[in-house]
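Asker: Here's a structure for you.
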Amino acid sequence: VPGRPTLGNTDYAFEMAISNIRYGEGVTKEIGMDLQNLGARRVCLMTDKNLSKLPPVNAVLNSLAKYGINFEMYDNVRVEPTDQSFLDAIQFAKKGEFDAYVAVGGGSVMDTCKAANLYAASPSSEFLDYVNAPIGKGKPVTVPLKPLIAVPTTSGTGSETTGVAIFDFKELKVKTGIASRAIKPTLGIIDPLHTLSMPERIVANSGFDVLCHALESYTALPYNQRSPCPSNPLERPAYQGSNPVSDVWALHALRIVAKYLKRAIRNPEDREARANMHLASAFAGIGFGNAGVHLCHGMSYPISGLVKTYKPKDYNVDHSLVPHGLSVVLTSPAVFAFTAQIHPERHLEAAEILGADIRTARIKDAGLILADTLRKFLFDLNVDDGLAAIGYSKADIPALVKGTLPQERVTKLSPRPQTEEDLSALFEASMKLY
């Protein structure tokens, strides 16, 4: 029976947490009024160097000026942030004594702003206090934070709806993060006009993040099989496992991706496709922000963290990086071929939404069918041919596995438990896709 406490120490409940979101073309012009309504006297505006010169930031600045909002701008956010870049932003936030925050950018900017808001509100905390265990202490957040308005400029992370902030922990060469309902934005302003300034590869890579958010949250371990059952609701993790509410959002996001992602990438003028992907990103965010992600994301963190020399097309950055959506999607064929034996019907359903003909499909082939569908999807969008194409070889597999092991917060949500040998095999199978 759903909802009945189960035997053993598994959870019996799930919780739905989501930021308020407002959607509409040109809706950014309302942000000055929002800040006025909040009674904000000193506002911190965060963005990155590229965006600071582009229309989305301009639209926010115009609204702040129109409504006489006093603000300071921090445009030093690093794309794919690190512990050090978080600390710089936190320092700025602590000095500024702000009473509200505005983040204009992709996941990197929104996540940096969430962290700045958290540590400015909890000035005596050590940085590792709130970072996910086992890398940090994973303490629950009990301090009140200031209002944060997030204005996403990519159609990817869905970070405007979630209480998750991800960064590269340099010393360990691995991505980790902070996950707590307390850090989710007060309001996400989803203005599809902002997606018009995204270059083609950024549309593609951020779209792959939406694709994996939807697939992983829909196939994650069900919430009532996750253990331990929290002794206090404050300890129930943000990533709870698949549940009936998240499923609705994940499936709907997947349908939008299937219909619009290729169009959004191929034709920058296709406003309908770009607007729909912007919404899909938030929908998937609501799904995975409560259900969580699993192996594609768990394995992506070392893929990003151990990058050597790869510099992606269309990203104006001074450091090598693997864009988050790319690092996630490259393992997806291998991952879903591996997890499908647990909920094959969900994997088949996903394959069908993505265009596979499953009328004569056998349930035991669900994983292979979904993997093939994903490969074809990526091939059509000329995505790099696997991990080998972004600079990895078999010799790197032990380091990649080692970097995945601390990602328990997400790897534990895989419907199928995995050994180190399984992870090695998954990385190996992801070296070449086509």
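If you're wondering about the labels, chains in the structure tokens are A, B, ... by order shown, residues count from 1 in each chain, ligands from 1 in order shown.
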Identify, on the basis of only C-alpha atoms, every residue whose closest approach to segment 328-332 of chain A does not exceed 6 Å; exclude the query and any residue fewer than 5 positions from it along the same chain; express the result as a list in words.
Answerer: Phe208, Cys296, His297, Ser300, Gly386 and Ser430 of chain A
Asker: Write out as a list in words which residues come within 10 Å of Pro55 of chain A when counting only C-alpha atoms, dropping same-chain ones fewer than 5 positions away.
Answerer: Val60, Leu61, Thr153, Leu193, His194, Leu196 and Ser197 of chain A
Asker: The selected residues should be written to file as a compact mmCIF listing (two decimals), in the first residue's frame (atoms: N, CA and C atoms).
Answerer:
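Output saved as result28.txt:
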```
# COMPACT_ATOMS: atom_id res chain seq x y z
N VAL A 60 17.35 43.21 -16.22
CA VAL A 60 17.26 43.29 -14.76
C VAL A 60 17.73 44.67 -14.29
N LEU A 61 18.86 45.15 -14.83
CA LEU A 61 19.38 46.46 -14.42
C LEU A 61 18.36 47.57 -14.71
N THR A 153 18.99 31.97 -17.35
CA THR A 153 19.26 32.38 -18.73
C THR A 153 19.59 31.19 -19.62
N LEU A 193 12.54 35.14 -23.17
CA LEU A 193 13.37 36.03 -23.99
C LEU A 193 14.85 35.80 -23.70
N HIS A 194 15.16 35.40 -22.46
CA HIS A 194 16.58 35.24 -22.09
C HIS A 194 17.26 34.10 -22.82
N LEU A 196 17.13 33.51 -25.85
CA LEU A 196 17.51 33.89 -27.22
C LEU A 196 18.98 34.26 -27.31
N SER A 197 19.61 34.58 -26.17
CA SER A 197 21.03 34.92 -26.24
C SER A 197 21.95 33.70 -26.07
```
Asker: Can you tell me which residues surround Lys308 of chain A at a distance of at most 9 Å, considering only C-alpha atoms, apart from same-chain residues fewer than 5 positions away, and format the answer as a PyMOL selection string?
Answerer: chain A and resi 320-321+390-392
Asker: Could you work out how far atom CA of Val27 of chain A lies from atom CA of Asn62 of chain A, giving the answer in Å with one decimal?
Answerer: 12.5 Å
Asker: Rank nothing, just name the residue among A:Pro192, A:Leu51, A:Lys114, A:Gly68 nearest to Gly26 of chain A, using only C-alpha atoms.
Answerer: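 Of all the options, A:Pro192 lies closest to Gly26 of chain A.
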Asker: Separation of atom CA of Ser424 of chain A and atom CA of Ala395 of chain A, in Å?
Answerer: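 Here the two named atoms are 10.9 Å from each other.
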Asker: Got a sec: who's within 10 Å of segment 52-54 of chain A, counting only C-alpha atoms, leaving out chain neighbours fewer than 4 positions off, as a list of chain:residue names?
Answerer: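 Returned residues: A:Met46, A:Thr47, A:Asp48, A:Asn58, A:Ala59, A:Leu61, A:Met73, A:Tyr74, A:Asp75, A:Asn76, A:Val104, A:Gly105, A:His194, A:Ser197.
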Asker: List the spatial neighbours of Arg416 of chain A as an NGL selection string - criterion: any atom at most 12 Å away, only C-alpha atoms, same-chain residues fewer than 3 positions off excluded.
Answerer: :A and (219-222 or 225 or 294-295 or 335-344 or 411-413 or 419 or 422-423)
Asker: Write out as a list in words each polymer residue whose atoms come within 9 Å of Arg263 of chain A, counting only C-alpha atoms; drop sequence neighbours fewer than 4 positions from it.
Answerer: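 Final neighbour list, sorted by chain and number: Lys259, Asn267, Pro268, Asp270, Ala273 and Arg274 of chain A.
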Asker: With N, CA and C atoms kept, could you save the residues just selected as a tab-separated table (two decimals), in the first residue's frame?
Answerer:
```
chain	number	residue	atom	x	y	z
A	259	LYS	N	9.96	16.79	-28.08
A	259	LYS	CA	9.32	17.58	-29.13
A	259	LYS	C	10.16	18.78	-29.57
A	267	ASN	N	17.61	25.73	-34.79
A	267	ASN	CA	17.17	27.02	-35.28
A	267	ASN	C	17.06	28.02	-34.13
A	268	PRO	N	18.08	28.88	-34.00
A	268	PRO	CA	18.09	29.85	-32.90
A	268	PRO	C	16.89	30.80	-32.95
A	270	ASP	N	13.86	29.85	-33.52
A	270	ASP	CA	12.63	29.12	-33.18
A	270	ASP	C	12.22	29.46	-31.75
A	273	ALA	N	10.24	26.82	-29.70
A	273	ALA	CA	11.05	25.70	-29.18
A	273	ALA	C	11.88	26.16	-27.99
A	274	ARG	N	12.50	27.33	-28.11
A	274	ARG	CA	13.34	27.80	-27.00
A	274	ARG	C	12.50	28.11	-25.75
```
Asker: Between A:Phe92, A:Ala100, A:Asn20, A:Thr404, which one has atoms that come closest to Gly32 of chain A, using only C-alpha atoms?
Answerer: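 Closest residue, counting only C-alpha atoms: A:Ala100.
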Asker: Among segment 94-318 of chain A, which residues does DSSP mark as strand (DSSP E) when it is run on the backbone? Keep the chain and numbering as in the structure and answer as a count of residues only.
Answerer: 27
Asker: Just the alpha helix (DSSP H) stuff from segment 109-200 of chain A, please, per backbone DSSP, written as a list in words.
Answerer: Val109, Met110, Asp111, Thr112, Cys113, Lys114, Ala115, Ala116, Asn117, Leu118, Tyr119, Ala120, Ala121 and Glu200 of chain A
Asker: Need to verify the contact set: segment 242-256 of chain A, 7 Å, only C-alpha atoms, exclusion of same-chain residues closer than 4 positions in sequence. Can you return it as a ChimeraX atom specification?
Answerer: /A:211,214,217-223,260,276-277,280,283-284,286-288,290-291,353
